[in-house]
$ cat work-v2.txt   # compact mmCIF, N, CA and C atoms
# COMPACT_ATOMS: atom_id res chain seq x y z
N MET A 1343 139.52 118.61 84.97
CA MET A 1343 139.26 119.00 86.33
C MET A 1343 138.63 117.83 87.08
N THR A 1344 139.00 117.66 88.38
CA THR A 1344 138.47 116.56 89.17
C THR A 1344 137.15 116.95 89.78
N SER A 1345 136.43 115.97 90.31
CA SER A 1345 135.11 116.26 90.89
C SER A 1345 135.23 117.05 92.19
N GLY A 1346 136.35 116.94 92.89
CA GLY A 1346 136.53 117.65 94.15
C GLY A 1346 136.95 119.09 93.95
N GLY A 1347 137.19 119.52 92.74
CA GLY A 1347 137.62 120.89 92.50
C GLY A 1347 139.13 120.94 92.37
N ALA A 1348 139.62 122.07 91.95
CA ALA A 1348 141.06 122.25 91.78
C ALA A 1348 141.51 123.41 92.62
N CYS A 1349 142.75 123.36 93.03
CA CYS A 1349 143.31 124.43 93.84
C CYS A 1349 144.49 125.03 93.10
N PHE A 1350 144.49 126.33 92.93
CA PHE A 1350 145.60 127.02 92.28
C PHE A 1350 146.24 127.93 93.32
N SER A 1351 147.54 127.85 93.45
CA SER A 1351 148.24 128.65 94.43
C SER A 1351 148.82 129.88 93.77
N LEU A 1352 148.42 131.06 94.22
CA LEU A 1352 148.95 132.32 93.75
C LEU A 1352 149.61 133.01 94.94
N PRO A 1353 150.47 133.96 94.72
CA PRO A 1353 151.10 134.66 95.84
C PRO A 1353 150.05 135.31 96.75
N LYS A 1354 150.04 134.95 98.05
CA LYS A 1354 149.18 135.47 99.10
C LYS A 1354 147.69 135.18 98.90
N VAL A 1355 147.32 134.52 97.83
CA VAL A 1355 145.91 134.22 97.59
C VAL A 1355 145.82 132.80 97.08
N VAL A 1356 144.94 132.04 97.69
CA VAL A 1356 144.67 130.70 97.18
C VAL A 1356 143.23 130.71 96.71
N ILE A 1357 143.04 130.43 95.46
CA ILE A 1357 141.69 130.43 94.91
C ILE A 1357 141.27 128.98 94.78
N SER A 1358 140.21 128.65 95.45
CA SER A 1358 139.72 127.29 95.39
C SER A 1358 138.46 127.29 94.56
N ILE A 1359 138.43 126.46 93.57
CA ILE A 1359 137.27 126.40 92.68
C ILE A 1359 136.47 125.18 93.08
N THR A 1360 135.31 125.43 93.66
CA THR A 1360 134.44 124.35 94.08
C THR A 1360 133.03 124.70 93.65
N GLY A 1361 132.47 123.91 92.83
CA GLY A 1361 131.11 124.17 92.39
C GLY A 1361 130.98 125.47 91.63
N GLY A 1362 132.01 125.92 90.99
CA GLY A 1362 131.96 127.14 90.21
C GLY A 1362 132.14 128.42 91.02
N LYS A 1363 132.39 128.32 92.35
CA LYS A 1363 132.55 129.52 93.18
C LYS A 1363 134.02 129.75 93.49
N LEU A 1364 134.41 130.98 93.52
CA LEU A 1364 135.78 131.34 93.89
C LEU A 1364 135.78 131.73 95.37
N LYS A 1365 136.75 131.21 96.11
CA LYS A 1365 136.85 131.54 97.53
C LYS A 1365 138.27 131.97 97.84
N HIS A 1366 138.41 132.95 98.68
CA HIS A 1366 139.71 133.38 99.17
C HIS A 1366 139.80 132.93 100.63
N ALA A 1367 139.66 131.63 100.84
CA ALA A 1367 139.55 131.06 102.18
C ALA A 1367 140.75 131.35 103.08
N PRO A 1368 141.98 131.17 102.64
CA PRO A 1368 143.09 131.42 103.57
C PRO A 1368 143.16 132.86 104.05
N GLN A 1369 142.82 133.82 103.21
CA GLN A 1369 142.83 135.22 103.65
C GLN A 1369 141.77 135.45 104.70
N ARG A 1370 140.57 134.88 104.51
CA ARG A 1370 139.51 135.03 105.50
C ARG A 1370 139.91 134.38 106.82
N ARG A 1371 140.49 133.19 106.73
CA ARG A 1371 140.92 132.50 107.94
C ARG A 1371 142.00 133.30 108.66
N ALA A 1372 142.92 133.87 107.90
CA ALA A 1372 143.99 134.67 108.51
C ALA A 1372 143.42 135.90 109.20
N LYS A 1373 142.43 136.57 108.58
CA LYS A 1373 141.80 137.74 109.21
C LYS A 1373 141.05 137.32 110.47
N ARG A 1374 140.36 136.17 110.40
CA ARG A 1374 139.62 135.68 111.56
C ARG A 1374 140.59 135.35 112.69
N LYS A 1375 141.70 134.69 112.37
CA LYS A 1375 142.70 134.35 113.38
C LYS A 1375 143.28 135.61 114.00
N LEU A 1376 143.56 136.61 113.17
CA LEU A 1376 144.10 137.86 113.68
C LEU A 1376 143.11 138.52 114.63
N THR A 1377 141.84 138.50 114.29
CA THR A 1377 140.81 139.05 115.18
C THR A 1377 140.77 138.28 116.49
N HIS A 1378 140.85 136.95 116.42
CA HIS A 1378 140.84 136.12 117.63
C HIS A 1378 142.06 136.42 118.49
N TYR A 1379 143.21 136.56 117.87
CA TYR A 1379 144.43 136.88 118.62
C TYR A 1379 144.33 138.24 119.29
N ARG A 1380 143.75 139.21 118.59
CA ARG A 1380 143.60 140.55 119.19
C ARG A 1380 142.69 140.49 120.40
N VAL A 1381 141.57 139.76 120.28
CA VAL A 1381 140.65 139.64 121.41
C VAL A 1381 141.34 138.94 122.58
N PHE A 1382 142.03 137.84 122.27
CA PHE A 1382 142.73 137.10 123.32
C PHE A 1382 143.78 137.97 124.00
N LEU A 1383 144.56 138.69 123.20
CA LEU A 1383 145.61 139.54 123.74
C LEU A 1383 145.03 140.65 124.61
N SER A 1384 143.94 141.26 124.17
CA SER A 1384 143.35 142.33 124.98
C SER A 1384 142.79 141.76 126.28
N MET A 1385 142.20 140.56 126.24
CA MET A 1385 141.70 139.94 127.47
C MET A 1385 142.87 139.60 128.39
N ALA A 1386 143.94 139.07 127.82
CA ALA A 1386 145.10 138.70 128.64
C ALA A 1386 145.73 139.91 129.31
N LEU A 1387 145.66 141.05 128.66
CA LEU A 1387 146.22 142.26 129.24
C LEU A 1387 145.29 142.89 130.27
N LEU A 1388 143.98 142.75 130.09
CA LEU A 1388 143.03 143.38 130.99
C LEU A 1388 142.75 142.58 132.25
N VAL A 1389 142.77 141.26 132.18
CA VAL A 1389 142.45 140.43 133.34
C VAL A 1389 143.39 140.68 134.51
N PRO A 1390 144.72 140.72 134.32
CA PRO A 1390 145.58 141.01 135.47
C PRO A 1390 145.32 142.39 136.08
N LEU A 1391 144.89 143.33 135.28
CA LEU A 1391 144.61 144.66 135.82
C LEU A 1391 143.33 144.65 136.64
N ALA A 1392 142.38 143.81 136.26
CA ALA A 1392 141.11 143.75 136.98
C ALA A 1392 141.24 142.93 138.26
N GLY A 1393 142.14 141.95 138.29
CA GLY A 1393 142.29 141.08 139.45
C GLY A 1393 142.57 141.82 140.74
N PRO A 1394 143.60 142.67 140.81
CA PRO A 1394 143.89 143.38 142.05
C PRO A 1394 142.77 144.32 142.47
N ALA A 1395 141.98 144.82 141.52
CA ALA A 1395 140.88 145.71 141.87
C ALA A 1395 139.83 144.95 142.67
N PHE A 1396 139.57 143.70 142.28
CA PHE A 1396 138.60 142.90 143.02
C PHE A 1396 139.17 142.50 144.37
N ALA A 1397 140.44 142.14 144.41
CA ALA A 1397 141.07 141.71 145.66
C ALA A 1397 141.20 142.86 146.65
N ALA A 1398 141.37 144.08 146.17
CA ALA A 1398 141.53 145.23 147.05
C ALA A 1398 140.25 145.53 147.81
N ASP A 1399 139.10 145.14 147.26
CA ASP A 1399 137.83 145.39 147.91
C ASP A 1399 137.57 144.44 149.08
N GLN A 1400 138.29 143.32 149.13
CA GLN A 1400 138.08 142.33 150.17
C GLN A 1400 138.90 142.64 151.41
N SER A 1401 138.30 142.38 152.56
CA SER A 1401 139.07 142.48 153.79
C SER A 1401 139.91 141.21 153.93
N PRO A 1402 140.97 141.25 154.72
CA PRO A 1402 141.78 140.03 154.91
C PRO A 1402 140.96 138.86 155.44
N ALA A 1403 140.00 139.13 156.32
CA ALA A 1403 139.17 138.05 156.86
C ALA A 1403 138.28 137.44 155.78
N ASP A 1404 137.75 138.27 154.86
CA ASP A 1404 136.93 137.74 153.77
C ASP A 1404 137.77 136.88 152.83
N ARG A 1405 138.97 137.36 152.51
CA ARG A 1405 139.87 136.57 151.67
C ARG A 1405 140.26 135.29 152.40
N GLY A 1406 140.49 135.39 153.70
CA GLY A 1406 140.83 134.22 154.51
C GLY A 1406 139.73 133.18 154.50
N ARG A 1407 138.48 133.62 154.53
CA ARG A 1407 137.36 132.69 154.48
C ARG A 1407 137.36 131.92 153.16
N GLU A 1408 137.63 132.62 152.05
CA GLU A 1408 137.70 131.95 150.75
C GLU A 1408 138.82 130.92 150.69
N VAL A 1409 140.00 131.30 151.17
CA VAL A 1409 141.15 130.39 151.14
C VAL A 1409 140.89 129.22 152.09
N TYR A 1410 140.31 129.51 153.25
CA TYR A 1410 139.98 128.47 154.22
C TYR A 1410 139.00 127.46 153.62
N GLN A 1411 138.00 127.96 152.92
CA GLN A 1411 137.01 127.07 152.29
C GLN A 1411 137.68 126.15 151.28
N LYS A 1412 138.64 126.67 150.55
CA LYS A 1412 139.31 125.87 149.53
C LYS A 1412 140.25 124.83 150.13
N TRP A 1413 141.12 125.25 151.05
CA TRP A 1413 142.19 124.39 151.53
C TRP A 1413 141.90 123.68 152.86
N CYS A 1414 141.13 124.28 153.73
CA CYS A 1414 141.01 123.76 155.10
C CYS A 1414 139.71 123.03 155.38
N THR A 1415 138.61 123.50 154.79
CA THR A 1415 137.31 122.91 155.07
C THR A 1415 137.22 121.42 154.76
N PRO A 1416 137.88 120.91 153.72
CA PRO A 1416 137.76 119.47 153.48
C PRO A 1416 138.17 118.60 154.68
N CYS A 1417 139.06 119.08 155.52
CA CYS A 1417 139.48 118.31 156.70
C CYS A 1417 138.99 118.92 158.01
N HIS A 1418 138.80 120.23 158.05
CA HIS A 1418 138.48 120.91 159.31
C HIS A 1418 137.08 121.50 159.34
N GLY A 1419 136.22 121.09 158.42
CA GLY A 1419 134.85 121.61 158.40
C GLY A 1419 133.94 120.84 159.34
N THR A 1420 132.66 121.18 159.28
CA THR A 1420 131.67 120.50 160.10
C THR A 1420 131.15 119.27 159.37
N GLY A 1421 130.62 118.34 160.11
CA GLY A 1421 130.02 117.15 159.52
C GLY A 1421 130.93 115.93 159.61
N LEU A 1422 130.40 114.82 159.14
CA LEU A 1422 131.14 113.56 159.18
C LEU A 1422 132.20 113.53 158.08
N GLY A 1423 133.21 112.72 158.28
CA GLY A 1423 134.24 112.54 157.28
C GLY A 1423 135.25 113.67 157.21
N LYS A 1424 135.37 114.44 158.26
CA LYS A 1424 136.36 115.53 158.32
C LYS A 1424 137.45 115.09 159.29
N PRO A 1425 138.58 114.58 158.79
CA PRO A 1425 139.58 113.99 159.68
C PRO A 1425 140.20 114.96 160.68
N GLY A 1426 140.39 116.21 160.32
CA GLY A 1426 140.96 117.17 161.25
C GLY A 1426 140.02 117.46 162.41
N THR A 1427 138.75 117.60 162.10
CA THR A 1427 137.74 117.85 163.13
C THR A 1427 137.59 116.61 164.01
N SER A 1428 137.58 115.43 163.40
CA SER A 1428 137.45 114.18 164.17
C SER A 1428 138.63 113.98 165.10
N ALA A 1429 139.84 114.28 164.63
CA ALA A 1429 141.03 114.13 165.46
C ALA A 1429 141.01 115.09 166.64
N ALA A 1430 140.59 116.32 166.40
CA ALA A 1430 140.51 117.30 167.50
C ALA A 1430 139.48 116.86 168.53
N ALA A 1431 138.36 116.33 168.06
CA ALA A 1431 137.32 115.86 168.98
C ALA A 1431 137.83 114.65 169.78
N ALA A 1432 138.59 113.77 169.13
CA ALA A 1432 139.13 112.59 169.82
C ALA A 1432 140.14 112.98 170.90
N HIS A 1433 140.85 114.09 170.69
CA HIS A 1433 141.82 114.58 171.68
C HIS A 1433 141.15 115.46 172.74
N GLY A 1434 139.84 115.59 172.69
CA GLY A 1434 139.10 116.33 173.70
C GLY A 1434 139.06 117.83 173.50
N VAL A 1435 139.41 118.30 172.33
CA VAL A 1435 139.38 119.74 172.06
C VAL A 1435 137.93 120.15 171.83
N LYS A 1436 137.49 121.15 172.56
CA LYS A 1436 136.12 121.66 172.42
C LYS A 1436 136.19 123.15 172.12
N PRO A 1437 135.55 123.65 171.13
CA PRO A 1437 134.93 122.94 170.02
C PRO A 1437 135.99 122.42 169.06
N ALA A 1438 135.65 121.37 168.33
CA ALA A 1438 136.61 120.72 167.44
C ALA A 1438 136.75 121.44 166.10
N VAL A 1439 135.73 122.15 165.67
CA VAL A 1439 135.77 122.85 164.38
C VAL A 1439 136.61 124.13 164.55
N LEU A 1440 137.63 124.29 163.71
CA LEU A 1440 138.56 125.42 163.85
C LEU A 1440 137.86 126.77 163.80
N GLU A 1441 136.86 126.91 162.96
CA GLU A 1441 136.17 128.20 162.82
C GLU A 1441 135.44 128.61 164.11
N GLN A 1442 135.16 127.65 164.97
CA GLN A 1442 134.43 127.95 166.21
C GLN A 1442 135.36 128.16 167.41
N ARG A 1443 136.63 127.93 167.22
CA ARG A 1443 137.57 128.04 168.34
C ARG A 1443 138.01 129.49 168.55
N THR A 1444 138.28 129.81 169.81
CA THR A 1444 138.74 131.17 170.16
C THR A 1444 140.14 131.14 170.75
N ASP A 1445 140.74 129.95 170.85
CA ASP A 1445 142.06 129.83 171.49
C ASP A 1445 143.19 129.67 170.47
N LEU A 1446 142.97 129.95 169.22
CA LEU A 1446 144.00 129.78 168.19
C LEU A 1446 144.91 131.00 168.13
N ALA A 1447 146.20 130.77 168.29
CA ALA A 1447 147.18 131.84 168.19
C ALA A 1447 147.69 131.90 166.75
N PRO A 1448 147.98 133.11 166.24
CA PRO A 1448 148.47 133.23 164.86
C PRO A 1448 149.70 132.37 164.58
N LYS A 1449 150.67 132.35 165.49
CA LYS A 1449 151.89 131.57 165.28
C LYS A 1449 151.58 130.08 165.22
N MET A 1450 150.60 129.64 166.02
CA MET A 1450 150.22 128.23 166.02
C MET A 1450 149.62 127.83 164.66
N ILE A 1451 148.79 128.68 164.12
CA ILE A 1451 148.17 128.41 162.81
C ILE A 1451 149.25 128.36 161.73
N GLU A 1452 150.13 129.36 161.73
CA GLU A 1452 151.19 129.42 160.71
C GLU A 1452 152.10 128.18 160.78
N THR A 1453 152.46 127.77 161.99
CA THR A 1453 153.34 126.61 162.16
C THR A 1453 152.65 125.34 161.70
N ALA A 1454 151.38 125.17 162.04
CA ALA A 1454 150.64 123.97 161.63
C ALA A 1454 150.51 123.90 160.11
N VAL A 1455 150.25 125.04 159.47
CA VAL A 1455 150.08 125.05 158.02
C VAL A 1455 151.40 124.76 157.32
N ARG A 1456 152.48 125.40 157.75
CA ARG A 1456 153.77 125.23 157.07
C ARG A 1456 154.48 123.92 157.40
N ASN A 1457 154.31 123.39 158.62
CA ASN A 1457 155.05 122.19 159.04
C ASN A 1457 154.19 120.95 159.16
N GLY A 1458 152.88 121.11 159.14
CA GLY A 1458 151.99 119.98 159.38
C GLY A 1458 151.83 119.74 160.87
N PHE A 1459 150.86 118.88 161.23
CA PHE A 1459 150.58 118.63 162.64
C PHE A 1459 149.93 117.25 162.73
N TYR A 1460 150.55 116.33 163.44
CA TYR A 1460 150.13 114.93 163.48
C TYR A 1460 150.03 114.42 162.04
N PHE A 1461 148.82 114.08 161.58
CA PHE A 1461 148.70 113.56 160.21
C PHE A 1461 148.29 114.64 159.21
N MET A 1462 148.23 115.89 159.66
CA MET A 1462 147.95 117.00 158.74
C MET A 1462 149.19 117.25 157.89
N PRO A 1463 149.02 117.34 156.57
CA PRO A 1463 150.20 117.60 155.73
C PRO A 1463 150.64 119.06 155.83
N ARG A 1464 151.88 119.30 155.48
CA ARG A 1464 152.35 120.68 155.42
C ARG A 1464 151.94 121.26 154.07
N PHE A 1465 151.77 122.56 154.02
CA PHE A 1465 151.41 123.24 152.78
C PHE A 1465 152.53 124.19 152.39
N ARG A 1466 153.05 124.00 151.17
CA ARG A 1466 154.13 124.84 150.66
C ARG A 1466 153.60 126.21 150.28
N LYS A 1467 154.52 127.16 150.11
CA LYS A 1467 154.15 128.52 149.70
C LYS A 1467 153.56 128.54 148.30
N THR A 1468 153.85 127.52 147.50
CA THR A 1468 153.26 127.44 146.17
C THR A 1468 151.81 126.98 146.23
N GLU A 1469 151.40 126.39 147.34
CA GLU A 1469 150.01 125.98 147.51
C GLU A 1469 149.22 127.06 148.24
N ILE A 1470 149.72 127.46 149.39
CA ILE A 1470 149.11 128.55 150.16
C ILE A 1470 150.19 129.61 150.32
N SER A 1471 150.02 130.73 149.64
CA SER A 1471 151.03 131.79 149.69
C SER A 1471 151.08 132.41 151.08
N ASN A 1472 152.12 133.17 151.34
CA ASN A 1472 152.22 133.86 152.63
C ASN A 1472 151.05 134.82 152.83
N ALA A 1473 150.64 135.50 151.75
CA ALA A 1473 149.51 136.42 151.84
C ALA A 1473 148.22 135.66 152.16
N ASP A 1474 148.03 134.50 151.53
CA ASP A 1474 146.84 133.70 151.81
C ASP A 1474 146.88 133.12 153.22
N LEU A 1475 148.06 132.74 153.68
CA LEU A 1475 148.19 132.25 155.05
C LEU A 1475 147.86 133.35 156.05
N ALA A 1476 148.33 134.56 155.79
CA ALA A 1476 148.00 135.69 156.67
C ALA A 1476 146.50 135.95 156.66
N ALA A 1477 145.86 135.76 155.51
CA ALA A 1477 144.41 135.94 155.42
C ALA A 1477 143.67 134.86 156.21
N ILE A 1478 144.15 133.62 156.16
CA ILE A 1478 143.55 132.54 156.96
C ILE A 1478 143.68 132.86 158.44
N VAL A 1479 144.85 133.33 158.85
CA VAL A 1479 145.07 133.69 160.25
C VAL A 1479 144.10 134.81 160.65
N ALA A 1480 143.96 135.81 159.80
CA ALA A 1480 143.04 136.91 160.11
C ALA A 1480 141.60 136.41 160.24
N TYR A 1481 141.24 135.45 159.39
CA TYR A 1481 139.88 134.90 159.44
C TYR A 1481 139.65 134.10 160.71
N LEU A 1482 140.61 133.25 161.09
CA LEU A 1482 140.41 132.40 162.25
C LEU A 1482 140.58 133.13 163.58
N VAL A 1483 141.40 134.17 163.61
CA VAL A 1483 141.69 134.86 164.88
C VAL A 1483 140.72 136.02 165.13
N HIS A 1484 140.07 136.52 164.10
CA HIS A 1484 139.23 137.72 164.25
C HIS A 1484 138.03 137.53 165.14
N LYS A 1485 137.70 136.31 165.48
CA LYS A 1485 136.47 136.05 166.25
C LYS A 1485 136.62 136.30 167.71

$ encode --input "work-v2.txt" --output "structure tokens"
Amino acid sequence: MTSGGACFSLPKVVISITGGKLKHAPQRRAKRKLTHYRVFLSMALLVPLAGPAFAADQSPADRGREVYQKWCTPCHGTGLGKPGTSAAAAHGVKPAVLEQRTDLAPKMIETAVRNGFYFMPRFRKTEISNADLAAIVAYLVHK
């Protein structure tokens, strides 16, 4: 026998002799993996069911605020270094921050998001879905 122990392969059981102890390691690992897979599978099945329940509680304007914060605020927020806000201010638009404006028409917002405007890039439906775009419109127009 070698100093590292010997391994004997039997059908469905591998007995490893190390330091005089017998271990059924592969069976334990297989049971542990099966438990992990069951937990993962149950989580994967439950998360999509829970998602719409959380989204149903939100108003379109609340959802729009979240989407706006993610996609629009980096360029159209307040403060320095916001190119969309700076460009609007340079063109004499008052107020320059989109969230403070009251003259935004829904069609104008949709067209700017889908087609771009000056140096603003267009956003595909895979980036901002139609539902998220409608939520942004609801958020910006509700004021």

$ closest_residue --input "work-v2.txt" --among "A:Val1435, A:Leu1446, A:Ile1451, A:Ala1429" --to "Leu1475 (chain A)" --atoms "only C-alpha atoms"
A:Ile1451

$ closest_residue --input "work-v2.txt" --among "A:Val1455, A:Met1462, A:Val1439, A:Ile1478" --to "Asp1404 (chain A)" --atoms "all atoms listed in the file"
A:Ile1478

$ atom_distance --input "work-v2.txt" --atom1 "CA of Trp1413 (chain A)" --atom2 "CA of Gly1434 (chain A)"
23.8 Å

$ atom_distance --input "work-v2.txt" --atom1 "atom N of Tyr1410 (chain A)" --atom2 "CA of Ser1471 (chain A)"
11.5 Å

$ residues_around --input "work-v2.txt" --residues "region 1425-1427 of chain A" --least-positions-apart "5" --cutoff "6.5 Å" --atoms "all atoms listed in the file" --output "list in words"
Pro1416, Cys1417, His1418, Gly1419, Ala1432, Ala1438, Val1439 and Leu1440 of chain A

$ atom_distance --input "work-v2.txt" --atom1 "atom N of Asp1474 (chain A)" --atom2 "atom N of Gly1406 (chain A)"
7.9 Å

$ axis_aligned_box --input "work-v2.txt" --around "region 1464-1469 of chain A" --padding-each-side "6 Å" --output "lines of an AutoDock Vina configuration file"
center_x = 151.9
center_y = 123.9
center_z = 150.8
size_x = 17.3
size_y = 21.2
size_z = 21.3
